$ cat work33.csv   # CSV, C-alpha atoms and all ligand atoms
chain,number,residue,atom,x,y,z
A,1,MET,CA,-5.3,91.3,18.4
A,2,ASN,CA,-4.9,89.9,15.0
A,3,LEU,CA,-1.6,88.0,15.0
A,4,VAL,CA,-1.5,87.4,11.3
A,5,SER,CA,-1.9,91.0,10.4
A,6,ARG,CA,0.7,92.0,13.0
A,7,ILE,CA,3.1,89.5,11.5
A,8,SER,CA,2.3,90.8,8.0
A,9,GLU,CA,3.2,94.3,9.2
A,10,HIS,CA,6.6,93.1,10.4
A,11,PHE,CA,7.3,91.7,7.0
A,12,ILE,CA,6.2,94.8,5.2
A,13,ASP,CA,8.1,97.1,7.6
A,14,SER,CA,11.2,95.0,7.4
A,15,ALA,CA,11.1,95.0,3.5
A,16,GLN,CA,10.5,98.8,3.4
A,17,THR,CA,13.4,99.4,5.8
A,18,LYS,CA,15.6,97.4,3.6
A,19,LEU,CA,14.4,99.1,0.4
A,20,SER,CA,14.9,102.6,1.9
A,21,SER,CA,18.4,101.6,3.1
A,22,THR,CA,19.6,100.6,-0.3
A,23,GLU,CA,20.6,104.0,-1.6
A,24,VAL,CA,22.2,105.1,1.7
A,25,LEU,CA,24.2,101.9,2.4
A,26,ALA,CA,25.3,100.5,-0.9
A,27,ALA,CA,28.3,102.8,-1.2
A,28,PRO,CA,29.6,102.4,2.4
A,29,ILE,CA,29.2,98.7,2.2
A,30,ALA,CA,31.3,98.6,-1.0
A,31,ASP,CA,33.9,100.7,0.9
A,32,ALA,CA,33.9,98.2,3.7
A,33,VAL,CA,34.3,95.3,1.3
A,34,GLU,CA,37.4,97.0,-0.1
A,35,ALA,CA,38.8,97.8,3.4
A,36,MET,CA,38.3,94.2,4.5
A,37,VAL,CA,39.9,92.7,1.4
A,38,GLU,CA,42.8,95.0,1.7
A,39,SER,CA,43.3,93.9,5.3
A,40,LEU,CA,42.9,90.2,4.5
A,41,MET,CA,45.4,90.4,1.6
A,42,ALA,CA,47.9,92.1,3.9
A,43,THR,CA,47.7,89.1,6.3
A,44,GLY,CA,45.3,91.2,8.5
A,45,LYS,CA,42.2,89.9,10.2
A,46,ILE,CA,38.7,91.0,11.1
A,47,LEU,CA,37.8,91.4,14.8
A,48,ALA,CA,34.1,91.6,15.3
A,49,CYS,CA,32.1,92.6,18.4
A,50,GLY,CA,28.6,93.6,19.6
A,51,ASN,CA,26.1,92.8,22.3
A,52,GLY,CA,23.0,90.5,22.2
A,53,GLY,CA,21.7,90.1,18.7
A,54,SER,CA,24.8,91.9,17.5
A,55,ALA,CA,27.0,89.4,19.2
A,56,ALA,CA,25.3,86.7,17.2
A,57,ASP,CA,25.9,88.8,14.1
A,58,ALA,CA,29.6,89.1,14.9
A,59,GLN,CA,29.8,85.3,15.3
A,60,HIS,CA,27.7,84.8,12.1
A,61,PHE,CA,30.1,86.9,10.1
A,62,ALA,CA,33.2,85.3,11.5
A,63,ALA,CA,31.8,81.9,10.7
A,64,GLU,CA,31.2,82.9,7.1
A,65,LEU,CA,34.7,84.2,6.7
A,66,VAL,CA,36.6,81.4,8.4
A,67,GLY,CA,34.3,78.6,7.0
A,68,ARG,CA,32.6,79.8,3.9
A,69,TYR,CA,29.7,81.9,2.6
A,70,GLU,CA,28.3,80.6,-0.7
A,71,ARG,CA,31.4,79.5,-2.6
A,72,GLU,CA,34.4,77.4,-1.8
A,73,ARG,CA,37.5,79.6,-1.2
A,74,PRO,CA,40.5,79.7,1.1
A,75,GLU,CA,39.8,80.3,4.8
A,76,LEU,CA,39.7,84.0,5.8
A,77,ALA,CA,40.9,85.4,9.2
A,78,ALA,CA,38.1,86.6,11.4
A,79,ILE,CA,37.5,86.4,15.1
A,80,ALA,CA,34.3,87.2,17.0
A,81,LEU,CA,35.3,88.8,20.3
A,82,THR,CA,32.1,87.5,21.9
A,83,VAL,CA,32.8,83.8,22.3
A,84,ASP,CA,35.4,83.1,24.9
A,85,SER,CA,33.5,82.9,28.2
A,86,SER,CA,36.7,82.7,30.2
A,87,ILE,CA,38.1,85.9,28.7
A,88,LEU,CA,34.8,87.7,28.9
A,89,THR,CA,34.1,86.8,32.5
A,90,ALA,CA,37.7,87.5,33.6
A,91,ILE,CA,37.7,90.9,32.1
A,92,ALA,CA,34.2,91.8,33.3
A,93,ASN,CA,34.9,90.5,36.8
A,94,ASP,CA,38.4,91.9,37.2
A,95,TYR,CA,38.0,95.2,35.3
A,96,ALA,CA,34.6,96.2,33.9
A,97,PHE,CA,32.1,94.9,31.4
A,98,GLU,CA,32.9,98.0,29.4
A,99,GLN,CA,36.4,96.5,28.8
A,100,VAL,CA,35.4,93.0,27.5
A,101,PHE,CA,36.1,93.9,23.8
A,102,ALA,CA,38.7,96.6,24.2
A,103,LYS,CA,41.2,94.5,26.0
A,104,GLN,CA,40.9,91.8,23.4
A,105,VAL,CA,41.4,94.4,20.6
A,106,ARG,CA,44.5,95.6,22.4
A,107,ALA,CA,45.7,92.0,22.8
A,108,LEU,CA,45.1,90.9,19.2
A,109,GLY,CA,44.9,94.0,17.1
A,110,GLN,CA,47.5,95.0,14.5
A,111,PRO,CA,47.4,98.1,12.2
A,112,GLN,CA,46.5,96.0,9.2
A,113,ASP,CA,43.4,94.5,11.0
A,114,VAL,CA,39.8,95.8,10.8
A,115,LEU,CA,37.4,96.1,13.7
A,116,LEU,CA,33.8,95.3,12.8
A,117,ALA,CA,31.9,97.2,15.6
A,118,ILE,CA,28.2,96.4,15.6
A,119,SER,CA,25.7,98.4,17.7
A,120,THR,CA,22.2,99.3,16.7
A,121,SER,CA,22.2,102.4,19.0
A,122,GLY,CA,25.9,103.3,18.5
A,123,ASN,CA,25.9,103.8,22.3
A,124,SER,CA,27.0,100.5,23.9
A,125,ALA,CA,29.9,101.4,26.2
A,126,ASN,CA,31.9,98.2,25.4
A,127,VAL,CA,31.7,98.7,21.7
A,128,ILE,CA,32.7,102.3,22.0
A,129,ALA,CA,35.7,101.2,24.1
A,130,ALA,CA,36.6,98.7,21.4
A,131,VAL,CA,36.5,101.5,18.7
A,132,ASN,CA,38.9,103.5,20.9
A,133,ALA,CA,41.2,100.5,21.4
A,134,ALA,CA,41.2,99.8,17.6
A,135,HIS,CA,42.3,103.4,17.0
A,136,GLU,CA,45.1,103.0,19.6
A,137,ARG,CA,46.2,100.0,17.5
A,138,GLU,CA,45.9,102.1,14.3
A,139,MET,CA,43.3,99.7,13.0
A,140,ARG,CA,40.5,100.8,10.7
A,141,VAL,CA,36.9,100.5,12.0
A,142,VAL,CA,33.9,99.4,10.1
A,143,ALA,CA,30.9,100.5,12.3
A,144,LEU,CA,27.5,98.9,11.7
A,145,THR,CA,25.0,101.1,13.5
A,146,GLY,CA,21.5,102.7,13.3
A,147,ARG,CA,19.6,105.5,14.9
A,148,GLY,CA,22.0,108.1,13.6
A,149,GLY,CA,25.1,106.2,14.9
A,150,GLY,CA,25.0,107.5,18.5
A,151,ARG,CA,28.3,108.2,20.2
A,152,ILE,CA,30.2,105.8,17.8
A,153,ALA,CA,29.4,108.2,14.9
A,154,GLU,CA,31.4,110.9,16.7
A,155,LEU,CA,34.4,108.7,17.3
A,156,LEU,CA,35.0,107.6,13.7
A,157,THR,CA,37.8,109.1,11.7
A,158,ASP,CA,38.3,109.6,7.9
A,159,ARG,CA,39.9,106.1,7.7
A,160,ASP,CA,36.8,104.4,9.2
A,161,ILE,CA,33.6,103.4,7.4
A,162,HIS,CA,30.2,104.0,8.9
A,163,ILE,CA,27.3,101.9,7.8
A,164,CYS,CA,24.4,103.5,9.6
A,165,VAL,CA,20.9,102.0,9.0
A,166,PRO,CA,18.4,104.8,8.5
A,167,ALA,CA,15.9,103.3,11.1
A,168,GLU,CA,15.0,103.7,14.7
A,169,ARG,CA,13.8,100.3,15.8
A,170,THR,CA,16.4,97.8,17.0
A,171,ALA,CA,14.9,94.8,15.3
A,172,ARG,CA,14.6,96.5,11.9
A,173,ILE,CA,18.2,97.8,12.2
A,174,GLN,CA,19.4,94.3,13.1
A,175,GLU,CA,17.6,92.9,10.0
A,176,VAL,CA,19.4,95.3,7.8
A,177,HIS,CA,22.7,94.5,9.6
A,178,LEU,CA,22.3,90.8,8.7
A,179,LEU,CA,21.7,91.7,5.1
A,180,THR,CA,24.7,94.0,5.2
A,181,LEU,CA,26.9,91.2,6.5
A,182,HIS,CA,25.9,88.9,3.7
A,183,CYS,CA,26.6,91.7,1.2
A,184,LEU,CA,30.1,92.0,2.8
A,185,CYS,CA,30.7,88.2,2.4
A,186,ASP,CA,29.5,88.3,-1.2
A,187,GLY,CA,31.6,91.3,-2.0
A,188,ILE,CA,34.7,89.8,-0.4
A,189,ASP,CA,34.2,86.6,-2.4
A,190,CYS,CA,33.7,88.5,-5.6
A,191,MET,CA,36.8,90.5,-5.1
A,192,LEU,CA,38.9,87.4,-4.3
A,193,LEU,CA,37.3,84.9,-6.7
A,194,GLY,CA,35.7,87.0,-9.4
A,195,THR,CA,31.9,87.2,-10.1
A,196,GLU,CA,30.0,84.1,-11.1
B,201,LIG,O1,18.6,91.4,19.7
B,201,LIG,C1,18.2,92.2,20.5
B,201,LIG,C2,17.0,93.1,20.3
B,201,LIG,O2,16.4,92.7,19.0
B,201,LIG,C3,18.9,92.5,21.8
B,201,LIG,O3,19.6,91.3,22.3
B,201,LIG,C4,20.0,93.6,21.6
B,201,LIG,O4,20.9,93.2,20.7
B,201,LIG,C5,20.6,94.0,23.0
B,201,LIG,O5,19.6,94.6,23.8
B,201,LIG,C6,21.8,94.8,22.9
B,201,LIG,O6,22.4,95.0,24.2
B,201,LIG,C7,21.6,96.2,22.3
B,201,LIG,O7,22.8,96.9,22.1
B,201,LIG,P1,23.1,97.9,20.9
B,201,LIG,O8,22.6,97.3,19.6
B,201,LIG,O9,22.4,99.2,21.3
B,201,LIG,O10,24.6,98.1,21.0
B,202,ZN,ZN,17.1,90.8,18.1
$ encode --input "work33.csv" --output "structure tokens"
Amino acid sequence: MNLVSRISEHFIDSAQTKLSSTEVLAAPIADAVEAMVESLMATGKILACGNGGSAADAQHFAAELVGRYERERPELAAIALTVDSSILTAIANDYAFEQVFAKQVRALGQPQDVLLAISTSGNSANVIAAVNAAHEREMRVVALTGRGGGRIAELLTDRDIHICVPAERTARIQEVHLLTLHCLCDGIDCMLLGTE
């Protein structure tokens, strides 16, 4: 095995996936920026959830809204639903792992809030339950998916925004998700502060 050529293939494959996603994703990402700014300006907040690498993405995004992205600006309201081990273990233990995000959405969600639901397959049961809970709370959903969007694609309504990476491999989808999150941060900052 030639490790160097294997690594080179990862770089090339990742870059190609990002390039081929540009045309498909730019418009829904812009829609998501507008939905999030509308929410934040109406004293709403962004609730973010996902599993594994997508949990890390949810936390990464919340950190950049609450802290900062590239420019100084007022703090923005975002909560990753993946971080409170007491809440997560209590819900998983007393109800089901499927409910770990949904119960938090029902506890915290208001109609002016946005759920950022991240799942590369679109089929994680706890993210699906969170989407359903967001709809119960009349929240809009921004879904970051891949592989056609799975079951989440079927649940989304006209008010929701689907950012579905045209790729099959989890790692590649996650790499585009991270780029998407930075586009969202940049777009939100531009709408709030103007372009530099
Ligand atoms: O980061 C990775 C794989 O690259 C994993 O941790 C991955 O996120 C986990 O297997 C998740 O449970 C996958 O869930 P999902 O993206 O299908 O909703
Ligand atoms: Zn990963």
$ closest_residue --input "work33.csv" --among "A:Ser86, A:Asn51, A:Thr157, A:Thr180" --to "ligand ZN 202 (chain B)" --atoms "only C-alpha atoms and all ligand atoms"
A:Asn51
$ closest_residue --input "work33.csv" --among "A:Asp186, A:Glu136, A:Asn123, A:Gly146" --to "A:Arg169" --atoms "only C-alpha atoms"
A:Gly146
$ residues_around --input "work33.csv" --residues "A:Ala80" --least-positions-apart "4" --cutoff "12 Å" --atoms "only C-alpha atoms" --output "MDAnalysis selection string"
chainID A and resid 45:51 54:66 84 88 101 104:105 108 114:118
$ atom_distance --input "work33.csv" --atom1 "atom CA of A:Phe11" --atom2 "atom C2 of ligand LIG 201 (chain B)"
16.5 Å
$ residues_near_ligand --input "work33.csv" --ligand "ligand ZN 202 (chain B)" --cutoff "7 Å" --atoms "all atoms listed in the file" --output "MDAnalysis selection string"
chainID A and resid 53 171 174
$ atom_distance --input "work33.csv" --atom1 "atom CA of A:Val33" --atom2 "atom CA of A:Val142"
9.7 Å
$ atom_distance --input "work33.csv" --atom1 "atom CA of A:Met139" --atom2 "atom CA of A:Pro111"
4.5 Å
$ residues_near_point --input "work33.csv" --point "(13.2, 90.1, 10.4)" --cutoff "12 Å" --atoms "all atoms listed in the file" --output "ChimeraX atom specification"
/A:7-18,53,169-179
$ closest_residue --input "work33.csv" --among "A:Gly52, A:Gly150, A:Gly109, A:Gly187" --to "ligand LIG 201 (chain B)" --atoms "all atoms listed in the file"
A:Gly52
$ closest_residue --input "work33.csv" --among "A:Glu98, A:Glu196, A:Asp160, A:Asp189" --to "ligand LIG 201 (chain B)" --atoms "all atoms listed in the file"
A:Glu98
$ residues_around --input "work33.csv" --residues "A:Gly149" --least-positions-apart "2" --cutoff "10 Å" --atoms "all atoms listed in the file" --output "number ranges by chain"
A: 119-123, 143-147, 151-155, 162-166
$ write_last_selection --input "work33.csv" --atoms "C-alpha atoms" --output "compact mmCIF listing (two decimals), keeping the file's coordinate frame"
# COMPACT_ATOMS: atom_id res chain seq x y z
CA SER A 119 25.70 98.40 17.70
CA THR A 120 22.20 99.30 16.70
CA SER A 121 22.20 102.40 19.00
CA GLY A 122 25.90 103.30 18.50
CA ASN A 123 25.90 103.80 22.30
CA ALA A 143 30.90 100.50 12.30
CA LEU A 144 27.50 98.90 11.70
CA THR A 145 25.00 101.10 13.50
CA GLY A 146 21.50 102.70 13.30
CA ARG A 147 19.60 105.50 14.90
CA ARG A 151 28.30 108.20 20.20
CA ILE A 152 30.20 105.80 17.80
CA ALA A 153 29.40 108.20 14.90
CA GLU A 154 31.40 110.90 16.70
CA LEU A 155 34.40 108.70 17.30
CA HIS A 162 30.20 104.00 8.90
CA ILE A 163 27.30 101.90 7.80
CA CYS A 164 24.40 103.50 9.60
CA VAL A 165 20.90 102.00 9.00
CA PRO A 166 18.40 104.80 8.50
$ closest_residue --input "work33.csv" --among "A:Val141, A:Ala125, A:Ala130, A:Leu181" --to "ligand LIG 201 (chain B)" --atoms "only C-alpha atoms and all ligand atoms"
A:Ala125
$ closest_residue --input "work33.csv" --among "A:Ala102, A:Ala77, A:Ala27, A:Cys183" --to "A:Thr43" --atoms "all atoms listed in the file"
A:Ala77
$ build_atoms --input "work33.csv" --residues "stretch 115-144 of chain A" --atoms "N, CA and C atoms" --output "CSV table (one decimal), keeping the file's coordinate frame"
chain,number,residue,atom,x,y,z
A,115,LEU,N,38.4,96.4,12.7
A,115,LEU,CA,37.4,96.1,13.7
A,115,LEU,C,36.0,96.3,13.1
A,116,LEU,N,35.2,95.2,13.2
A,116,LEU,CA,33.8,95.3,12.8
A,116,LEU,C,33.0,95.6,14.1
A,117,ALA,N,32.6,96.8,14.3
A,117,ALA,CA,31.9,97.2,15.6
A,117,ALA,C,30.4,97.3,15.3
A,118,ILE,N,29.6,96.4,16.0
A,118,ILE,CA,28.2,96.4,15.6
A,118,ILE,C,27.4,96.9,16.9
A,119,SER,N,26.6,97.9,16.6
A,119,SER,CA,25.7,98.4,17.7
A,119,SER,C,24.5,99.1,17.1
A,120,THR,N,23.3,98.7,17.4
A,120,THR,CA,22.2,99.3,16.7
A,120,THR,C,22.0,100.8,17.2
A,121,SER,N,22.4,101.0,18.5
A,121,SER,CA,22.2,102.4,19.0
A,121,SER,C,23.4,103.2,18.8
A,122,GLY,N,24.6,102.6,18.6
A,122,GLY,CA,25.9,103.3,18.5
A,122,GLY,C,26.3,103.8,19.9
A,123,ASN,N,25.6,103.3,20.9
A,123,ASN,CA,25.9,103.8,22.3
A,123,ASN,C,26.4,102.8,23.3
A,124,SER,N,26.6,101.5,22.9
A,124,SER,CA,27.0,100.5,23.9
A,124,SER,C,28.5,100.8,24.3
A,125,ALA,N,28.6,100.9,25.6
A,125,ALA,CA,29.9,101.4,26.2
A,125,ALA,C,31.1,100.4,25.8
A,126,ASN,N,30.8,99.1,25.8
A,126,ASN,CA,31.9,98.2,25.4
A,126,ASN,C,32.3,98.2,24.0
A,127,VAL,N,31.3,98.5,23.1
A,127,VAL,CA,31.7,98.7,21.7
A,127,VAL,C,32.4,100.0,21.4
A,128,ILE,N,32.0,101.0,22.1
A,128,ILE,CA,32.7,102.3,22.0
A,128,ILE,C,34.1,102.2,22.5
A,129,ALA,N,34.3,101.4,23.6
A,129,ALA,CA,35.7,101.2,24.1
A,129,ALA,C,36.5,100.4,23.1
A,130,ALA,N,35.9,99.5,22.4
A,130,ALA,CA,36.6,98.7,21.4
A,130,ALA,C,37.0,99.6,20.2
A,131,VAL,N,36.1,100.5,19.8
A,131,VAL,CA,36.5,101.5,18.7
A,131,VAL,C,37.7,102.3,19.2
A,132,ASN,N,37.7,102.8,20.4
A,132,ASN,CA,38.9,103.5,20.9
A,132,ASN,C,40.1,102.7,20.9
A,133,ALA,N,40.0,101.4,21.3
A,133,ALA,CA,41.2,100.5,21.4
A,133,ALA,C,41.7,100.2,20.0
A,134,ALA,N,40.8,100.1,19.0
A,134,ALA,CA,41.2,99.8,17.6
A,134,ALA,C,42.0,101.0,17.1
A,135,HIS,N,41.5,102.2,17.4
A,135,HIS,CA,42.3,103.4,17.0
A,135,HIS,C,43.7,103.5,17.7
A,136,GLU,N,43.7,103.0,18.9
A,136,GLU,CA,45.1,103.0,19.6
A,136,GLU,C,46.0,102.0,18.8
A,137,ARG,N,45.4,101.0,18.3
A,137,ARG,CA,46.2,100.0,17.5
A,137,ARG,C,46.3,100.3,16.0
A,138,GLU,N,45.9,101.6,15.7
A,138,GLU,CA,45.9,102.1,14.3
A,138,GLU,C,45.2,101.2,13.3
A,139,MET,N,44.1,100.5,13.8
A,139,MET,CA,43.3,99.7,13.0
A,139,MET,C,42.2,100.6,12.4
A,140,ARG,N,41.7,100.2,11.2
A,140,ARG,CA,40.5,100.8,10.7
A,140,ARG,C,39.3,100.2,11.3
A,141,VAL,N,38.2,101.0,11.4
A,141,VAL,CA,36.9,100.5,12.0
A,141,VAL,C,35.8,100.5,10.9
A,142,VAL,N,35.1,99.4,10.8
A,142,VAL,CA,33.9,99.4,10.1
A,142,VAL,C,32.8,99.4,11.1
A,143,ALA,N,32.0,100.4,11.2
A,143,ALA,CA,30.9,100.5,12.3
A,143,ALA,C,29.6,100.2,11.6
A,144,LEU,N,28.9,99.2,12.2
A,144,LEU,CA,27.5,98.9,11.7
A,144,LEU,C,26.6,99.5,12.8
